[in-house]
file model_9.csv (CSV, C-alpha atoms and all ligand atoms)
chain,number,residue,atom,x,y,z
J,1,MET,CA,0.0,0.0,0.0
J,2,LEU,CA,2.7,2.5,1.1
J,3,GLN,CA,4.8,1.4,-1.8
J,4,THR,CA,2.0,2.0,-4.3
J,5,LEU,CA,1.4,5.4,-2.7
J,6,GLN,CA,5.1,6.3,-3.0
J,7,GLN,CA,5.1,5.2,-6.7
J,8,ASN,CA,2.0,7.3,-7.4
J,9,VAL,CA,3.5,10.3,-5.7
J,10,GLU,CA,6.7,10.0,-7.8
J,11,ALA,CA,4.6,9.6,-11.0
J,12,VAL,CA,2.5,12.7,-10.2
J,13,GLN,CA,5.6,14.7,-9.3
J,14,LYS,CA,7.2,13.8,-12.6
J,15,GLU,CA,4.2,15.0,-14.5
J,16,VAL,CA,3.9,18.2,-12.6
J,17,GLU,CA,7.6,18.9,-13.3
J,18,GLN,CA,7.2,18.1,-17.0
J,19,ALA,CA,4.1,20.3,-17.3
J,20,CYS,CA,6.0,23.2,-15.6
J,21,LYS,CA,8.9,22.7,-18.0
J,22,CYS,CA,6.7,22.6,-21.1
J,23,SER,CA,5.1,25.8,-20.1
J,24,ASP,CA,8.3,27.5,-19.0
J,25,ARG,CA,7.2,27.9,-15.4
J,26,PRO,CA,9.2,27.4,-12.2
J,27,LEU,CA,8.2,24.4,-10.3
J,28,ASP,CA,7.5,26.4,-7.2
J,29,ASP,CA,4.7,28.3,-9.0
J,30,VAL,CA,2.5,25.2,-8.6
J,31,THR,CA,1.3,23.9,-5.3
J,32,VAL,CA,-0.1,20.3,-5.3
J,33,ILE,CA,-3.0,20.0,-2.9
J,34,CYS,CA,-3.6,16.4,-1.9
J,35,VAL,CA,-7.3,15.6,-1.8
J,36,THR,CA,-7.7,13.0,0.9
J,37,LYS,CA,-11.5,12.8,0.9
J,38,SER,CA,-11.5,9.2,-0.2
J,39,VAL,CA,-8.9,7.8,2.3
J,40,ASP,CA,-8.6,7.3,6.1
J,41,SER,CA,-6.6,9.3,8.6
J,42,GLU,CA,-3.7,6.8,8.5
J,43,THR,CA,-3.3,7.0,4.7
J,44,THR,CA,-3.5,10.8,5.0
J,45,LYS,CA,-0.7,10.7,7.5
J,46,GLN,CA,1.4,8.7,5.0
J,47,VAL,CA,0.9,11.4,2.4
J,48,VAL,CA,2.1,14.1,4.8
J,49,ASP,CA,5.1,11.9,5.6
J,50,LEU,CA,5.8,11.8,1.9
J,51,GLY,CA,6.1,15.6,1.8
J,52,TYR,CA,2.6,17.0,1.1
J,53,ASP,CA,1.5,19.7,3.5
J,54,HIS,CA,-1.5,21.1,1.6
J,55,LEU,CA,-4.5,18.8,2.2
J,56,ALA,CA,-8.1,19.1,1.0
J,57,GLU,CA,-11.4,17.7,2.2
J,58,ASN,CA,-14.9,18.2,1.1
J,59,ARG,CA,-16.8,17.2,4.3
J,60,MET,CA,-16.6,19.0,7.5
J,61,GLU,CA,-16.7,16.0,9.7
J,62,ASN,CA,-13.8,14.3,7.9
J,63,LEU,CA,-11.7,17.4,8.0
J,64,ILE,CA,-12.1,17.8,11.7
J,65,GLU,CA,-11.4,14.1,12.3
J,66,LYS,CA,-8.2,14.3,10.3
J,67,GLN,CA,-7.1,17.5,11.9
J,68,ASP,CA,-7.4,15.9,15.2
J,69,TYR,CA,-5.4,12.8,14.1
J,70,LEU,CA,-2.7,14.9,12.6
J,71,LYS,CA,-2.5,17.6,15.2
J,72,GLU,CA,1.2,17.3,15.7
J,73,TYR,CA,1.8,18.3,12.1
J,74,CYS,CA,1.4,22.1,12.4
J,75,GLN,CA,2.8,22.7,8.9
J,76,ILE,CA,-0.4,21.4,7.3
J,77,LYS,CA,-2.5,23.8,5.4
J,78,TRP,CA,-6.1,22.7,5.2
J,79,HIS,CA,-8.3,23.4,2.2
J,80,PHE,CA,-12.0,23.0,2.0
J,81,ILE,CA,-13.0,22.2,-1.5
J,82,GLY,CA,-16.7,21.2,-1.4
J,83,ASN,CA,-20.0,22.8,-1.4
J,84,LEU,CA,-20.4,24.3,2.1
J,85,GLN,CA,-23.8,24.7,3.5
J,86,ARG,CA,-24.4,27.9,5.4
J,87,ARG,CA,-25.4,26.2,8.6
J,88,LYS,CA,-22.0,24.4,8.7
J,89,VAL,CA,-19.9,27.5,8.2
J,90,LYS,CA,-19.7,28.2,11.9
J,91,SER,CA,-18.1,24.8,12.7
J,92,ILE,CA,-15.5,24.8,9.9
J,93,ILE,CA,-14.5,28.3,8.9
J,94,ASN,CA,-12.0,28.9,11.6
J,95,GLN,CA,-10.4,25.5,11.1
J,96,ILE,CA,-9.3,26.0,7.5
J,97,ASP,CA,-6.6,28.0,5.7
J,98,TYR,CA,-8.3,28.1,2.3
J,99,PHE,CA,-11.9,27.9,1.1
J,100,HIS,CA,-12.3,27.0,-2.6
J,101,ALA,CA,-16.0,27.3,-3.3
J,102,LEU,CA,-17.3,30.8,-2.7
J,103,ASP,CA,-20.1,31.5,-5.1
J,104,LYS,CA,-22.9,33.1,-3.2
J,105,LEU,CA,-23.3,36.4,-1.3
J,106,SER,CA,-25.4,34.6,1.3
J,107,LEU,CA,-22.4,32.3,2.0
J,108,ALA,CA,-20.1,35.3,2.1
J,109,GLN,CA,-22.4,36.9,4.7
J,110,GLU,CA,-22.3,33.8,6.8
J,111,ILE,CA,-18.4,33.6,6.6
J,112,GLN,CA,-18.2,37.3,7.5
J,113,LYS,CA,-20.4,36.6,10.6
J,114,ARG,CA,-18.5,33.5,11.8
J,115,ALA,CA,-14.8,34.0,10.8
J,116,MET,CA,-12.5,35.2,13.5
J,117,LYS,CA,-9.7,36.1,11.0
J,118,ARG,CA,-9.5,36.9,7.3
J,119,ILE,CA,-10.2,33.7,5.3
J,120,LYS,CA,-8.4,33.1,2.0
J,121,CYS,CA,-11.1,32.3,-0.5
J,122,PHE,CA,-11.3,31.2,-4.1
J,123,VAL,CA,-14.3,32.3,-6.0
J,124,GLN,CA,-15.7,29.3,-7.9
J,125,VAL,CA,-16.5,30.0,-11.5
J,126,ASN,CA,-18.6,27.9,-13.8
J,127,VAL,CA,-16.6,28.5,-17.0
J,128,SER,CA,-18.3,25.7,-19.0
J,129,GLY,CA,-21.8,26.9,-18.3
J,130,GLU,CA,-22.9,23.3,-17.4
J,131,SER,CA,-26.1,23.6,-15.5
J,132,THR,CA,-25.1,21.0,-12.9
J,133,LYS,CA,-22.0,22.8,-11.9
J,134,GLN,CA,-21.6,25.1,-8.9
J,135,GLY,CA,-20.0,28.4,-9.4
J,136,ILE,CA,-20.7,31.9,-10.6
J,137,SER,CA,-21.0,32.7,-14.3
J,138,PRO,CA,-18.2,34.5,-16.0
J,139,GLU,CA,-20.6,37.4,-16.8
J,140,SER,CA,-21.5,37.9,-13.1
J,141,LEU,CA,-18.0,37.5,-11.8
J,142,ILE,CA,-16.8,41.1,-11.7
J,143,ASN,CA,-19.9,42.4,-9.9
J,144,PHE,CA,-19.8,39.5,-7.5
J,145,ILE,CA,-16.2,40.3,-6.6
J,146,LYS,CA,-17.0,44.0,-6.2
J,147,ASP,CA,-19.8,43.1,-3.8
J,148,LEU,CA,-17.3,41.1,-1.7
J,149,GLU,CA,-15.6,44.3,-0.8
J,150,ASP,CA,-18.0,44.8,2.0
J,151,PHE,CA,-16.8,41.7,3.8
J,152,ASP,CA,-13.5,42.3,5.6
J,153,ARG,CA,-13.2,38.7,6.7
J,154,ILE,CA,-12.9,37.5,3.1
J,155,GLU,CA,-9.8,37.8,1.0
J,156,VAL,CA,-10.3,36.7,-2.6
J,157,VAL,CA,-6.9,35.0,-3.3
J,158,GLY,CA,-8.0,33.6,-6.7
J,159,LEU,CA,-10.4,31.8,-8.9
J,160,MET,CA,-11.3,28.1,-8.9
J,161,THR,CA,-13.0,25.9,-11.5
J,162,MET,CA,-13.8,22.3,-12.4
J,163,ALA,CA,-14.0,21.3,-16.0
J,164,PRO,CA,-16.8,19.0,-17.2
J,165,PHE,CA,-16.0,15.4,-16.8
J,166,ASP,CA,-16.2,14.5,-20.5
J,167,SER,CA,-14.1,17.4,-21.8
J,168,ASN,CA,-11.4,16.6,-24.4
J,169,LEU,CA,-8.0,18.2,-24.4
J,170,ASN,CA,-9.1,21.2,-26.5
J,171,GLU,CA,-12.0,21.9,-24.4
J,172,LEU,CA,-10.0,21.6,-21.2
J,173,SER,CA,-7.4,24.1,-22.5
J,174,HIS,CA,-10.3,26.4,-23.5
J,175,TYR,CA,-11.9,26.4,-20.1
J,176,PHE,CA,-8.6,26.7,-18.2
J,177,SER,CA,-7.4,29.6,-20.4
J,178,GLN,CA,-10.8,31.3,-19.9
J,179,LEU,CA,-10.3,31.2,-16.1
J,180,LYS,CA,-6.7,32.5,-16.5
J,181,ILE,CA,-8.1,35.5,-18.5
J,182,LEU,CA,-10.7,36.2,-15.9
J,183,GLN,CA,-8.1,36.0,-13.1
J,184,THR,CA,-5.8,38.4,-15.0
J,185,ILE,CA,-8.6,40.9,-15.5
J,186,ILE,CA,-9.5,40.9,-11.8
J,187,ALA,CA,-5.9,41.0,-10.6
J,188,ASN,CA,-5.2,44.0,-12.9
J,189,LYS,CA,-8.0,45.9,-11.1
J,190,ASN,CA,-5.9,46.0,-7.9
J,191,PHE,CA,-8.8,45.5,-5.6
J,192,LYS,CA,-7.6,45.6,-2.1
J,193,HIS,CA,-9.9,42.8,-1.0
J,194,ALA,CA,-9.2,40.7,-4.1
J,195,PRO,CA,-5.6,40.4,-5.1
J,196,CYS,CA,-6.7,37.3,-7.1
J,197,THR,CA,-3.2,36.1,-8.0
J,198,GLU,CA,-4.0,32.4,-7.7
J,199,LEU,CA,-5.7,29.8,-10.0
J,200,SER,CA,-7.1,26.6,-8.4
J,201,MET,CA,-7.7,24.3,-11.4
J,202,GLY,CA,-6.8,20.8,-12.4
J,203,MET,CA,-7.6,17.4,-10.8
J,204,SER,CA,-6.2,13.9,-11.4
J,205,ARG,CA,-7.4,13.6,-15.0
J,206,ASP,CA,-6.6,17.2,-16.1
J,207,PHE,CA,-3.8,18.7,-14.0
J,208,VAL,CA,-1.3,18.7,-16.8
J,209,PRO,CA,-3.3,21.0,-19.1
J,210,ALA,CA,-4.3,23.1,-16.1
J,211,ILE,CA,-0.7,23.7,-15.2
J,212,GLU,CA,0.1,24.5,-18.8
J,213,CYS,CA,-2.7,27.1,-18.7
J,214,GLY,CA,-1.4,28.8,-15.5
J,215,ALA,CA,-2.8,26.8,-12.5
J,216,THR,CA,-1.1,27.7,-9.2
J,217,PHE,CA,-2.9,25.2,-7.2
J,218,VAL,CA,-3.9,21.7,-8.5
J,219,ARG,CA,-6.2,19.5,-6.5
J,220,ILE,CA,-5.2,15.8,-6.9
J,221,GLY,CA,-6.9,12.9,-5.2
J,222,SER,CA,-7.5,9.6,-6.9
J,223,ARG,CA,-4.2,9.5,-8.8
J,224,PHE,CA,-2.4,9.2,-5.4
J,225,PHE,CA,-4.6,6.5,-4.1
J,226,GLU,CA,-5.3,4.2,-7.0
J,227,SER,CA,-3.6,0.8,-6.9
O,1,LIG,C1,-12.6,15.2,-5.4
O,1,LIG,C2,-12.2,16.5,-5.9
O,1,LIG,C3,-11.0,16.7,-6.4
O,1,LIG,C4,-10.0,15.6,-6.7
O,1,LIG,O1,-10.5,14.8,-7.7
O,1,LIG,P1,-9.6,13.5,-8.2
O,1,LIG,O2,-10.2,13.2,-9.5
O,1,LIG,O3,-9.7,12.5,-7.2
O,1,LIG,O4,-8.2,14.0,-8.4
O,1,LIG,C5,-10.6,18.0,-6.8
O,1,LIG,N1,-11.5,19.1,-6.7
O,1,LIG,C6,-12.7,18.9,-6.1
O,1,LIG,C7,-13.6,20.1,-6.0
O,1,LIG,C8,-13.1,17.7,-5.7
O,1,LIG,O5,-14.3,17.5,-5.2
call {"tool": "encode", "arguments": {"input": "model_9.csv", "output": "structure tokens", "more": "lines below"}}
Ligand SMILES: *Cc1c(COP(=O)(O)O)cnc(C)c1O
result
Amino acid sequence: MLQTLQQNVEAVQKEVEQACKCSDRPLDDVTVICVTKSVDSETTKQVVDLGYDHLAENRMENLIEKQDYLKEYCQIKWHFIGNLQRRKVKSIINQIDYFHALDKLSLAQEIQKRAMKRIKCFVQVNVSGESTKQGISPESLINFIKDLEDFDRIEVVGLMTMAPFDSNLNELSHYFSQLKILQTIIANKNFKHAPCTELSMGMSRDFVPAIECGATFVRIGSRFFES
């Protein structure tokens, strides 16, 4: 098990390096977030021991359980990547370092009310227009970000997206480049509350094209844990 994990880590690392090289980017531009939602606390610990200190979960209960199990490892940065219900904000928002799925003002209001410090948030954008996807439409994005100025507990560090599952390589590059364009537009506005320098895009099946299009955070789960 550990041996497979180690091999998967090496394979992913090679592909990340290759993608950086192909797109002329320094390796330290890209942070790999290990998505541990499908594995137990012990496996999560193995991943940390193999050198990953950015971890992501999409369920509050699992994140809290793993934080407790790994409490000696104070270098870990915790990312919350899922849909977060308003009533759960209170229990989780002060436990995490990054929140990847901000897409509603009502959620921003709740974060503002419950957060005890400024929370690094990614605004989730639905670049593909798929009706089943979470996220704000590209057309509403600028106004949404302007509206977030009222919330001093929210720092918009960047944009996040998920590509449709059945996208081919051309489509993936199109969606990821669109997000990069939007991120650049917002960053150039120099909003104090929204530096928007980061791009969270790319998962196990599409992190290579995401890096080639400018991802600064990739969220990889199954590739690490497959056997
Ligand atoms: C599960 C998940 C991932 C990781 O997906 P893999 O295909 O397992 O790499 C990334 N981002 C989000 C939002 C997820 O829910």
call {"tool": "closest_atom_pairs", "arguments": {"input": "model_9.csv", "of": "chain J", "to": "ligand LIG 1 (chain O)", "cutoff": "7 Å", "atoms": "only C-alpha atoms and all ligand atoms", "output": "Markdown table"}}
result
| residue | atom | partner | partner_atom | distance |
| --- | --- | --- | --- | --- |
| J:Val35 | CA | O:LIG1 | C4 | 5.6 |
| J:Lys37 | CA | O:LIG1 | C1 | 6.8 |
| J:Asn58 | CA | O:LIG1 | O5 | 6.4 |
| J:Ile81 | CA | O:LIG1 | C7 | 5.0 |
| J:Gly82 | CA | O:LIG1 | C7 | 5.7 |
| J:Met162 | CA | O:LIG1 | C7 | 6.8 |
| J:Met203 | CA | O:LIG1 | O4 | 4.2 |
| J:Ser204 | CA | O:LIG1 | O4 | 3.6 |
| J:Arg205 | CA | O:LIG1 | O2 | 6.2 |
| J:Arg219 | CA | O:LIG1 | C5 | 4.7 |
| J:Ile220 | CA | O:LIG1 | O4 | 3.8 |
| J:Gly221 | CA | O:LIG1 | O3 | 3.5 |
| J:Ser222 | CA | O:LIG1 | O3 | 3.7 |
| J:Arg223 | CA | O:LIG1 | O4 | 6.0 |
call {"tool": "closest_residue", "arguments": {"input": "model_9.csv", "among": "J:Gly135, J:Ile93, J:Leu172, J:Glu212", "to": "J:Ile154", "atoms": "all atoms listed in the file"}}
result
J:Ile93
call {"tool": "closest_residue", "arguments": {"input": "model_9.csv", "among": "J:Ala56, J:Val9, J:Val16, J:Ala210", "to": "J:Asp97", "atoms": "all atoms listed in the file"}}
result
J:Ala56
call {"tool": "residues_around", "arguments": {"input": "model_9.csv", "residues": "J:Gly158", "least_positions_apart": "6", "cutoff": "10 Å", "atoms": "all atoms listed in the file", "output": "JSON, numbers by chain"}}
result
{"J": [100, 120, 121, 122, 123, 124, 179, 180, 182, 183, 184, 186, 187, 194, 195, 196, 197, 198, 199, 200, 216, 217]}
call {"tool": "residues_around", "arguments": {"input": "model_9.csv", "residues": "stretch 83-86 of chain J", "least_positions_apart": "3", "cutoff": "10 Å", "atoms": "all atoms listed in the file", "output": "ChimeraX atom specification"}}
result
/J:58-60,80,89-90,92-93,99-103,106-111,134-135
call {"tool": "residues_around", "arguments": {"input": "model_9.csv", "residues": "J:Thr36", "least_positions_apart": "2", "cutoff": "12 Å", "atoms": "all atoms listed in the file", "output": "compact mmCIF listing (two decimals) with C-alpha atoms, keeping the file's coordinate frame"}}
result
# COMPACT_ATOMS: atom_id res chain seq x y z
CA ILE J 33 -3.00 20.00 -2.90
CA CYS J 34 -3.60 16.40 -1.90
CA SER J 38 -11.50 9.20 -0.20
CA VAL J 39 -8.90 7.80 2.30
CA ASP J 40 -8.60 7.30 6.10
CA SER J 41 -6.60 9.30 8.60
CA GLU J 42 -3.70 6.80 8.50
CA THR J 43 -3.30 7.00 4.70
CA THR J 44 -3.50 10.80 5.00
CA LYS J 45 -0.70 10.70 7.50
CA GLN J 46 1.40 8.70 5.00
CA VAL J 47 0.90 11.40 2.40
CA VAL J 48 2.10 14.10 4.80
CA TYR J 52 2.60 17.00 1.10
CA ASP J 53 1.50 19.70 3.50
CA HIS J 54 -1.50 21.10 1.60
CA LEU J 55 -4.50 18.80 2.20
CA ALA J 56 -8.10 19.10 1.00
CA GLU J 57 -11.40 17.70 2.20
CA ASN J 58 -14.90 18.20 1.10
CA ARG J 59 -16.80 17.20 4.30
CA ASN J 62 -13.80 14.30 7.90
CA LEU J 63 -11.70 17.40 8.00
CA LYS J 66 -8.20 14.30 10.30
CA GLN J 67 -7.10 17.50 11.90
CA TRP J 78 -6.10 22.70 5.20
CA HIS J 79 -8.30 23.40 2.20
CA PHE J 80 -12.00 23.00 2.00
CA ILE J 81 -13.00 22.20 -1.50
CA ARG J 219 -6.20 19.50 -6.50
CA ILE J 220 -5.20 15.80 -6.90
CA GLY J 221 -6.90 12.90 -5.20
CA SER J 222 -7.50 9.60 -6.90
CA ARG J 223 -4.20 9.50 -8.80
CA PHE J 224 -2.40 9.20 -5.40
CA PHE J 225 -4.60 6.50 -4.10
call {"tool": "atom_distance", "arguments": {"input": "model_9.csv", "atom1": "atom CA of J:Glu61", "atom2": "atom CA of J:Cys74"}}
result
19.3 Å
call {"tool": "atom_distance", "arguments": {"input": "model_9.csv", "atom1": "atom CA of J:Arg114", "atom2": "atom CA of J:Ile96"}}
result
12.6 Å
call {"tool": "closest_residue", "arguments": {"input": "model_9.csv", "among": "J:Ala19, J:Lys88, J:Phe207, J:Thr161", "to": "J:Gly129", "atoms": "all atoms listed in the file"}}
result
J:Thr161
call {"tool": "atom_distance", "arguments": {"input": "model_9.csv", "atom1": "atom CA of J:Gln18", "atom2": "atom CA of J:Gly214"}}
result
13.8 Å
call {"tool": "closest_residue", "arguments": {"input": "model_9.csv", "among": "J:Val157, J:Leu105, J:Cys213, J:Val208", "to": "J:Tyr175", "atoms": "only C-alpha atoms"}}
result
J:Cys213
call {"tool": "closest_residue", "arguments": {"input": "model_9.csv", "among": "J:Glu130, J:Glu17, J:Asp49, J:Asp28", "to": "J:Leu5", "atoms": "only C-alpha atoms"}}
result
J:Asp49
call {"tool": "residues_around", "arguments": {"input": "model_9.csv", "residues": "stretch 138-141 of chain J", "least_positions_apart": "4", "cutoff": "7 Å", "atoms": "all atoms listed in the file", "output": "list in words"}}
result
Val125, Asn126, Val127 and Ile145 of chain J
call {"tool": "closest_residue", "arguments": {"input": "model_9.csv", "among": "J:Tyr69, J:Ala163, J:Pro209, J:Thr4", "to": "J:Ser23", "atoms": "all atoms listed in the file"}}
result
J:Pro209
